[in-house]
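First the structure, in the form of structure tokens, and then the observations on it.
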Amino acid sequence: MTLHVDDIRAAYEAIQSATIRTPTVPATRLSHHLGIDLYLKLENLQHTNAFKARGALAKLLTLSEDARKHGVIACSAGNHAQGVAFHATQLGIPSTIVMPEGTPFNKIQRTSDLGAEVVIYGAGFDDSVQFTLDLAAERGMTFIHPFDDPVVAAGQGTVALEMLEQQPDLDCIVVPIGGGGLIAGIAVAAKTIRPDIEIIGAQAHVFDAAKAHFDDTSPNFAGSTLAEGIAVRKPSPANLDVIRKLVDRVDSATEPEIEQAVFDLLSYEKLVAEGAAGAGLAVIKKHLDHFAGKKVGLVVCGGNIDSRLLSTLIVRGLMRDGRITRLVFEIDDTPGQLSKISTIIGDAGANVIEVIHQRMMQSVSLKQAELEIVIEARDQTHVDSILAVLRDAGLKVRVPQDL
């Protein structure tokens, strides 16, 4: 089946009463910071906090009564799993989700809480999918693929219908790519409505299979990525065909760029976004000249990021901005040194939030000590001025290159 805009419109009619029409909002502070006109489609506010709920529901609504009785099965460690589980439960359809070994417990628990039976198998999607297909055949269940299904892709394409109703004069839409279902659906819908609109794909550099196919180059597969939701080695051939025909460009971003982009969405727009959405913003930031003078839409495809990972990302972002800084002093091991340093830092308008005073395990001389002080400052310029005052006071201080 070839994906057609009529399929996307039919999917929209079918799912709109049970999905959230998420807003497309101006990213006022980010636009000012980047010097472009940026709009965010907030699919992180969708049911289960990701666009995947759209395609899952579209597929579920096509099932016969007999298929509904036998139930559905999916293979996913993240957003697709929760989208299928949520809507299957809402429709009274039994669901089973196969998740790879090592899936964080909170994702397993959330999926289970949504009413699905969770089965753990394999080291990743590629390892788990055949097991899932075998289990589907054994139990007589319908397999719902996360992206290699035209009905699912049609459901994802409803994102574009809403975006272009909400902001009809967008010049381009930036879309994260994993298996390609989201961008295929969006490209078909958007190019039908506005043939002149530019569709740009975004990938993580270490999982850039779609970009490699688009550019006729070899893909990069190198370790893990913060954008785990788009870490797909084998996108759907049907989706790749659509990307070739309708997508204007596919770009990629490095892990530090994706991390900074997720931090920017949180810091500037107060939005919790997962790494896949960060990849989209990172690509925009890498090519600001291209987007200058254009009205740019970005699909914030989801907000499911592990809370512990997010907390570390925030601290690292604050450190990069100079708002949290670790200072290491070599001081004489005599009374009053800590008081002197704290007074200088306080008088300079910064706040001391942690002190580590090392006497034992250190490389300085016997009559000296190493003192680590973590401070909270306004920005890097403020840190630089504090360092200048400390050094003018005769103190030996350095800033470790943590990041």
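By order of appearance in the structure tokens: chains A, B, ..., then residues from 1 within every chain, and ligands from 1 in the order shown.
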Please report as JSON lines every residue of segment 108-172 of chain A lying within 12 Å of segment 188-191 of chain A, along with the nearest atom pair and their distance in Å (one decimal), using only C-alpha atoms.
```
{"residue": "A:Pro150", "atom": "CA", "partner": "A:Val188", "partner_atom": "CA", "distance": 11.6}
{"residue": "A:Ala153", "atom": "CA", "partner": "A:Val188", "partner_atom": "CA", "distance": 9.9}
{"residue": "A:Ala154", "atom": "CA", "partner": "A:Ala189", "partner_atom": "CA", "distance": 8.9}
{"residue": "A:Gly155", "atom": "CA", "partner": "A:Ala189", "partner_atom": "CA", "distance": 10.8}
{"residue": "A:Gln156", "atom": "CA", "partner": "A:Ala189", "partner_atom": "CA", "distance": 10.1}
{"residue": "A:Gly157", "atom": "CA", "partner": "A:Ala189", "partner_atom": "CA", "distance": 6.3}
{"residue": "A:Thr158", "atom": "CA", "partner": "A:Ala189", "partner_atom": "CA", "distance": 7.7}
{"residue": "A:Val159", "atom": "CA", "partner": "A:Ala189", "partner_atom": "CA", "distance": 8.9}
{"residue": "A:Ala160", "atom": "CA", "partner": "A:Ala190", "partner_atom": "CA", "distance": 5.9}
{"residue": "A:Leu161", "atom": "CA", "partner": "A:Ala189", "partner_atom": "CA", "distance": 6.6}
{"residue": "A:Glu162", "atom": "CA", "partner": "A:Ala190", "partner_atom": "CA", "distance": 10.1}
{"residue": "A:Met163", "atom": "CA", "partner": "A:Ala190", "partner_atom": "CA", "distance": 9.0}
{"residue": "A:Leu164", "atom": "CA", "partner": "A:Ala190", "partner_atom": "CA", "distance": 7.5}
{"residue": "A:Glu165", "atom": "CA", "partner": "A:Ala190", "partner_atom": "CA", "distance": 10.6}
{"residue": "A:Gln167", "atom": "CA", "partner": "A:Ala190", "partner_atom": "CA", "distance": 11.8}
{"residue": "A:Pro168", "atom": "CA", "partner": "A:Ala190", "partner_atom": "CA", "distance": 10.2}
{"residue": "A:Asp169", "atom": "CA", "partner": "A:Ala190", "partner_atom": "CA", "distance": 11.5}
{"residue": "A:Leu170", "atom": "CA", "partner": "A:Ala190", "partner_atom": "CA", "distance": 10.2}
{"residue": "A:Asp171", "atom": "CA", "partner": "A:Ala190", "partner_atom": "CA", "distance": 10.7}
{"residue": "A:Cys172", "atom": "CA", "partner": "A:Ala190", "partner_atom": "CA", "distance": 9.5}
```
Please identify all polymer residues within 9 Å of Thr111 of chain A, counting only C-alpha atoms, omitting same-chain residues fewer than 2 positions from it, and present them as a compact mmCIF listing (two decimals) with N, CA, C and O atoms, in the first residue's frame.
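Output contents, as saved in selection27.txt:
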```txt
# COMPACT_ATOMS: atom_id res chain seq x y z
N GLY A 78 9.94 1.87 24.29
CA GLY A 78 9.63 3.25 24.62
C GLY A 78 8.26 3.72 24.22
O GLY A 78 7.23 3.17 24.63
N ALA A 81 5.52 1.42 22.59
CA ALA A 81 4.98 0.49 23.59
C ALA A 81 3.86 1.13 24.39
O ALA A 81 2.77 0.55 24.55
N GLN A 82 4.10 2.34 24.87
CA GLN A 82 3.10 2.99 25.71
C GLN A 82 1.89 3.46 24.90
O GLN A 82 0.76 3.42 25.38
N GLY A 83 2.14 3.87 23.64
CA GLY A 83 1.02 4.27 22.79
C GLY A 83 0.08 3.11 22.50
O GLY A 83 -1.15 3.25 22.58
N ALA A 85 -0.17 0.27 24.29
CA ALA A 85 -0.77 -0.18 25.54
C ALA A 85 -1.93 0.73 25.96
O ALA A 85 -3.01 0.25 26.34
N PHE A 86 -1.71 2.03 25.86
CA PHE A 86 -2.74 2.99 26.30
C PHE A 86 -4.01 2.84 25.48
O PHE A 86 -5.11 2.66 26.03
N ILE A 97 3.47 -6.38 25.13
CA ILE A 97 4.61 -5.60 24.64
C ILE A 97 5.89 -6.35 24.96
O ILE A 97 6.15 -6.71 26.12
N ASN A 106 11.41 1.90 34.99
CA ASN A 106 10.29 2.85 34.96
C ASN A 106 9.50 2.74 33.66
O ASN A 106 8.27 2.90 33.64
N LYS A 107 10.18 2.41 32.53
CA LYS A 107 9.46 2.23 31.27
C LYS A 107 8.63 0.95 31.29
O LYS A 107 7.51 0.91 30.77
N ILE A 108 9.19 -0.10 31.88
CA ILE A 108 8.44 -1.35 32.02
C ILE A 108 7.20 -1.13 32.89
O ILE A 108 6.09 -1.55 32.54
N GLN A 109 7.39 -0.43 34.00
CA GLN A 109 6.29 -0.18 34.92
C GLN A 109 5.20 0.67 34.29
O GLN A 109 4.01 0.38 34.43
N ASP A 113 1.47 -0.45 33.73
CA ASP A 113 0.39 0.33 34.36
C ASP A 113 -0.69 0.72 33.35
O ASP A 113 -1.85 0.93 33.73
N LEU A 114 -0.30 0.82 32.08
CA LEU A 114 -1.26 1.16 31.04
C LEU A 114 -2.09 -0.04 30.58
O LEU A 114 -2.93 0.09 29.70
N GLY A 115 -1.82 -1.21 31.17
CA GLY A 115 -2.67 -2.37 30.93
C GLY A 115 -2.08 -3.46 30.08
O GLY A 115 -2.75 -4.44 29.77
N ALA A 116 -0.81 -3.32 29.67
CA ALA A 116 -0.20 -4.32 28.80
C ALA A 116 0.51 -5.41 29.60
O ALA A 116 1.00 -5.16 30.71
N GLU A 117 0.58 -6.60 29.02
CA GLU A 117 1.48 -7.64 29.53
C GLU A 117 2.86 -7.37 28.95
O GLU A 117 3.01 -7.21 27.73
N VAL A 118 3.88 -7.29 29.79
CA VAL A 118 5.23 -7.00 29.32
C VAL A 118 6.06 -8.27 29.34
O VAL A 118 6.10 -8.99 30.35
```
With only C-alpha atoms counted and 9 Å as the cut-off, give the residues of segment 56-142 of chain A in contact with segment 5-16 of chain A, each with its shortest interatomic distance in Å and the pair that gives it, as CSV.
```
residue,atom,partner,partner_atom,distance
A:Leu57,CA,A:Ile15,CA,6.6
A:Ala58,CA,A:Ala11,CA,5.8
A:Lys59,CA,A:Ala11,CA,8.9
A:Leu61,CA,A:Ala14,CA,7.6
```
Q: Please identify all polymer residues within 7 Å of Ile144 of chain A, counting only C-alpha atoms, omitting same-chain residues fewer than 6 positions from it, and present them as JSON, numbers by chain.
A: {"A": [72, 73, 74]}
Could you save the residues just selected, with N, CA, C and O atoms, as a compact mmCIF listing (two decimals), in the first residue's frame?
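Once everything was written out, this is result_33.txt:
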```txt
# COMPACT_ATOMS: atom_id res chain seq x y z
N VAL A 72 -3.37 -7.65 20.57
CA VAL A 72 -2.29 -7.11 19.75
C VAL A 72 -0.96 -7.27 20.49
O VAL A 72 -0.92 -7.41 21.70
N ILE A 73 0.11 -7.22 19.71
CA ILE A 73 1.45 -7.35 20.27
C ILE A 73 2.37 -6.36 19.56
O ILE A 73 2.21 -6.08 18.37
N ALA A 74 3.31 -5.80 20.30
CA ALA A 74 4.27 -4.85 19.73
C ALA A 74 5.62 -5.08 20.36
O ALA A 74 5.74 -5.68 21.43
```
Q.
Just want the 8 Å neighbourhood of segment 394-403 of chain A, counted on only C-alpha atoms, with same-chain residues fewer than 5 positions away dropped. Output as a PyMOL selection string.
A. chain A and resi 316+319-320+325-331+387
(Q) Residues near segment 98-103 of chain A, anyone? I mean within 9 Å using only C-alpha atoms, not counting same-chain ones fewer than 6 positions away, as an NGL selection string. (A) :A and (73-78 or 81 or 117-125 or 127-129 or 131-132)
Those selected residues, please, written with all heavy atoms and delivered as a short mmCIF file (atom, residue, chain, number, x, y, z; two decimals), in the first residue's frame.
```cif
data_model
loop_
_atom_site.label_atom_id
_atom_site.label_comp_id
_atom_site.auth_asym_id
_atom_site.auth_seq_id
_atom_site.Cartn_x
_atom_site.Cartn_y
_atom_site.Cartn_z
N ILE A 73 0.11 -7.22 19.71
CA ILE A 73 1.45 -7.35 20.27
C ILE A 73 2.37 -6.36 19.56
O ILE A 73 2.21 -6.08 18.37
CB ILE A 73 1.98 -8.79 20.14
CG1 ILE A 73 3.29 -8.97 20.93
CG2 ILE A 73 2.16 -9.20 18.69
CD1 ILE A 73 3.70 -10.43 21.10
N ALA A 74 3.31 -5.80 20.30
CA ALA A 74 4.27 -4.85 19.73
C ALA A 74 5.62 -5.08 20.36
O ALA A 74 5.74 -5.68 21.43
CB ALA A 74 3.81 -3.41 19.96
N CYS A 75 6.63 -4.60 19.67
CA CYS A 75 8.01 -4.72 20.14
C CYS A 75 8.59 -3.32 20.27
O CYS A 75 8.78 -2.64 19.27
CB CYS A 75 8.82 -5.55 19.14
SG CYS A 75 10.55 -5.72 19.56
N SER A 76 8.84 -2.89 21.51
CA SER A 76 9.31 -1.52 21.72
C SER A 76 9.76 -1.36 23.16
O SER A 76 9.22 -1.99 24.06
CB SER A 76 8.19 -0.52 21.42
OG SER A 76 8.52 0.78 21.84
N ALA A 77 10.76 -0.48 23.35
CA ALA A 77 11.20 -0.17 24.71
C ALA A 77 10.71 1.20 25.14
O ALA A 77 11.05 1.66 26.23
CB ALA A 77 12.72 -0.22 24.80
N GLY A 78 9.94 1.87 24.29
CA GLY A 78 9.63 3.25 24.62
C GLY A 78 8.26 3.72 24.22
O GLY A 78 7.23 3.17 24.63
N ALA A 81 5.52 1.42 22.59
CA ALA A 81 4.98 0.49 23.59
C ALA A 81 3.86 1.13 24.39
O ALA A 81 2.77 0.55 24.55
CB ALA A 81 6.10 0.05 24.54
N GLU A 117 0.58 -6.60 29.02
CA GLU A 117 1.48 -7.64 29.53
C GLU A 117 2.86 -7.37 28.95
O GLU A 117 3.01 -7.21 27.73
CB GLU A 117 1.01 -9.02 29.09
CG GLU A 117 1.97 -10.14 29.49
CD GLU A 117 1.69 -11.46 28.79
OE1 GLU A 117 0.67 -11.55 28.05
OE2 GLU A 117 2.51 -12.39 28.95
N VAL A 118 3.88 -7.29 29.79
CA VAL A 118 5.23 -7.00 29.32
C VAL A 118 6.06 -8.27 29.34
O VAL A 118 6.10 -8.99 30.35
CB VAL A 118 5.90 -5.92 30.20
CG1 VAL A 118 7.35 -5.70 29.76
CG2 VAL A 118 5.12 -4.60 30.12
N VAL A 119 6.71 -8.56 28.22
CA VAL A 119 7.60 -9.71 28.09
C VAL A 119 8.99 -9.17 27.77
O VAL A 119 9.16 -8.36 26.85
CB VAL A 119 7.14 -10.66 26.96
CG1 VAL A 119 8.13 -11.80 26.80
CG2 VAL A 119 5.74 -11.19 27.25
N ILE A 120 9.99 -9.60 28.52
CA ILE A 120 11.36 -9.13 28.31
C ILE A 120 12.12 -10.16 27.47
O ILE A 120 12.19 -11.34 27.82
CB ILE A 120 12.09 -8.92 29.65
CG1 ILE A 120 11.28 -8.00 30.57
CG2 ILE A 120 13.49 -8.36 29.42
CD1 ILE A 120 11.05 -6.62 30.04
N TYR A 121 12.71 -9.67 26.35
CA TYR A 121 13.48 -10.58 25.48
C TYR A 121 14.40 -9.77 24.58
O TYR A 121 14.01 -8.74 24.03
CB TYR A 121 12.55 -11.42 24.62
CG TYR A 121 13.31 -12.44 23.77
CD1 TYR A 121 13.59 -13.71 24.27
CD2 TYR A 121 13.75 -12.11 22.50
CE1 TYR A 121 14.30 -14.62 23.51
CE2 TYR A 121 14.47 -13.01 21.73
CZ TYR A 121 14.75 -14.27 22.24
OH TYR A 121 15.46 -15.17 21.49
N GLY A 122 15.64 -10.28 24.39
CA GLY A 122 16.56 -9.74 23.41
C GLY A 122 17.36 -8.55 23.89
O GLY A 122 17.05 -7.92 24.91
N ALA A 123 18.39 -8.20 23.10
CA ALA A 123 19.28 -7.09 23.46
C ALA A 123 18.84 -5.77 22.85
O ALA A 123 19.40 -4.72 23.17
CB ALA A 123 20.71 -7.41 23.01
N GLY A 124 17.87 -5.77 21.96
CA GLY A 124 17.41 -4.54 21.31
C GLY A 124 16.28 -4.86 20.36
O GLY A 124 15.84 -6.01 20.25
N PHE A 125 15.78 -3.83 19.65
CA PHE A 125 14.64 -4.02 18.75
C PHE A 125 14.92 -5.10 17.71
O PHE A 125 14.10 -5.99 17.46
CB PHE A 125 14.29 -2.70 18.06
CG PHE A 125 13.17 -2.84 17.06
CD1 PHE A 125 11.85 -2.88 17.48
CD2 PHE A 125 13.43 -2.96 15.70
CE1 PHE A 125 10.81 -3.02 16.57
CE2 PHE A 125 12.40 -3.10 14.78
CZ PHE A 125 11.09 -3.12 15.22
N ASP A 127 16.88 -7.61 17.81
CA ASP A 127 16.91 -8.96 18.41
C ASP A 127 15.50 -9.42 18.81
O ASP A 127 15.21 -10.63 18.78
CB ASP A 127 17.80 -8.97 19.66
CG ASP A 127 19.27 -8.81 19.31
OD1 ASP A 127 19.64 -9.07 18.16
OD2 ASP A 127 20.04 -8.40 20.19
N SER A 128 14.66 -8.46 19.18
CA SER A 128 13.36 -8.82 19.75
C SER A 128 12.26 -9.01 18.72
O SER A 128 11.26 -9.68 19.00
CB SER A 128 12.92 -7.72 20.74
OG SER A 128 13.90 -7.52 21.74
N VAL A 129 12.43 -8.45 17.53
CA VAL A 129 11.31 -8.41 16.60
C VAL A 129 10.90 -9.80 16.11
O VAL A 129 9.71 -10.10 16.01
CB VAL A 129 11.60 -7.45 15.42
CG1 VAL A 129 12.73 -7.97 14.54
CG2 VAL A 129 10.35 -7.20 14.60
N PHE A 131 11.29 -12.67 17.68
CA PHE A 131 10.63 -13.31 18.81
C PHE A 131 9.19 -12.81 18.93
O PHE A 131 8.26 -13.59 19.19
CB PHE A 131 11.40 -13.00 20.11
CG PHE A 131 10.71 -13.44 21.36
CD1 PHE A 131 10.82 -14.76 21.80
CD2 PHE A 131 9.95 -12.55 22.11
CE1 PHE A 131 10.17 -15.18 22.96
CE2 PHE A 131 9.31 -12.96 23.27
CZ PHE A 131 9.42 -14.28 23.69
N THR A 132 8.99 -11.52 18.71
CA THR A 132 7.66 -10.93 18.79
C THR A 132 6.74 -11.50 17.72
O THR A 132 5.58 -11.84 17.98
CB THR A 132 7.74 -9.40 18.66
OG1 THR A 132 8.68 -8.89 19.61
CG2 THR A 132 6.39 -8.76 18.91
#
```
**Q.** Separation of atom CA of Val283 of chain A from atom CA of Ser311 of chain A in Å
**A.**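 If I compute the distance from atom CA of Ser311 of chain A to atom CA of Val283 of chain A, I get 23.3 Å.
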**Q.** Counting only C-alpha atoms, the option among A:Asp208, A:Asp37, A:Asp148, A:Glu43 closest to Ile284 of chain A
**A.** A:Asp37
Q) So which residues touch Ala348 of chain A within 9 Å, counting only C-alpha atoms, skipping near sequence neighbours fewer than 6 positions away, as a list of chain:residue names? A)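 After dropping sequence-adjacent residues, the list is A:His382, A:Ser385, A:Ile386, A:Val389.
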Could you write out that same residue set with N, CA, C and O atoms as a PDB file, in the first residue's frame?
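The result, stored in out_25.pdb:
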```pdb
ATOM      1  N   HIS A 382      30.513  36.090  34.880  1.00  0.00           N
ATOM      2  CA  HIS A 382      30.555  36.259  36.336  1.00  0.00           C
ATOM      3  C   HIS A 382      31.641  35.373  36.943  1.00  0.00           C
ATOM      4  O   HIS A 382      32.405  35.809  37.825  1.00  0.00           O
ATOM      5  N   SER A 385      35.081  36.856  36.379  1.00  0.00           N
ATOM      6  CA  SER A 385      35.372  37.989  37.261  1.00  0.00           C
ATOM      7  C   SER A 385      35.703  37.517  38.676  1.00  0.00           C
ATOM      8  O   SER A 385      36.577  38.086  39.346  1.00  0.00           O
ATOM      9  N   ILE A 386      35.025  36.447  39.133  1.00  0.00           N
ATOM     10  CA  ILE A 386      35.315  35.882  40.459  1.00  0.00           C
ATOM     11  C   ILE A 386      36.732  35.302  40.484  1.00  0.00           C
ATOM     12  O   ILE A 386      37.489  35.496  41.449  1.00  0.00           O
ATOM     13  N   VAL A 389      39.274  38.061  40.863  1.00  0.00           N
ATOM     14  CA  VAL A 389      39.355  38.591  42.238  1.00  0.00           C
ATOM     15  C   VAL A 389      40.115  37.621  43.140  1.00  0.00           C
ATOM     16  O   VAL A 389      40.956  38.029  43.963  1.00  0.00           O
TER      17      VAL A 389
END
```
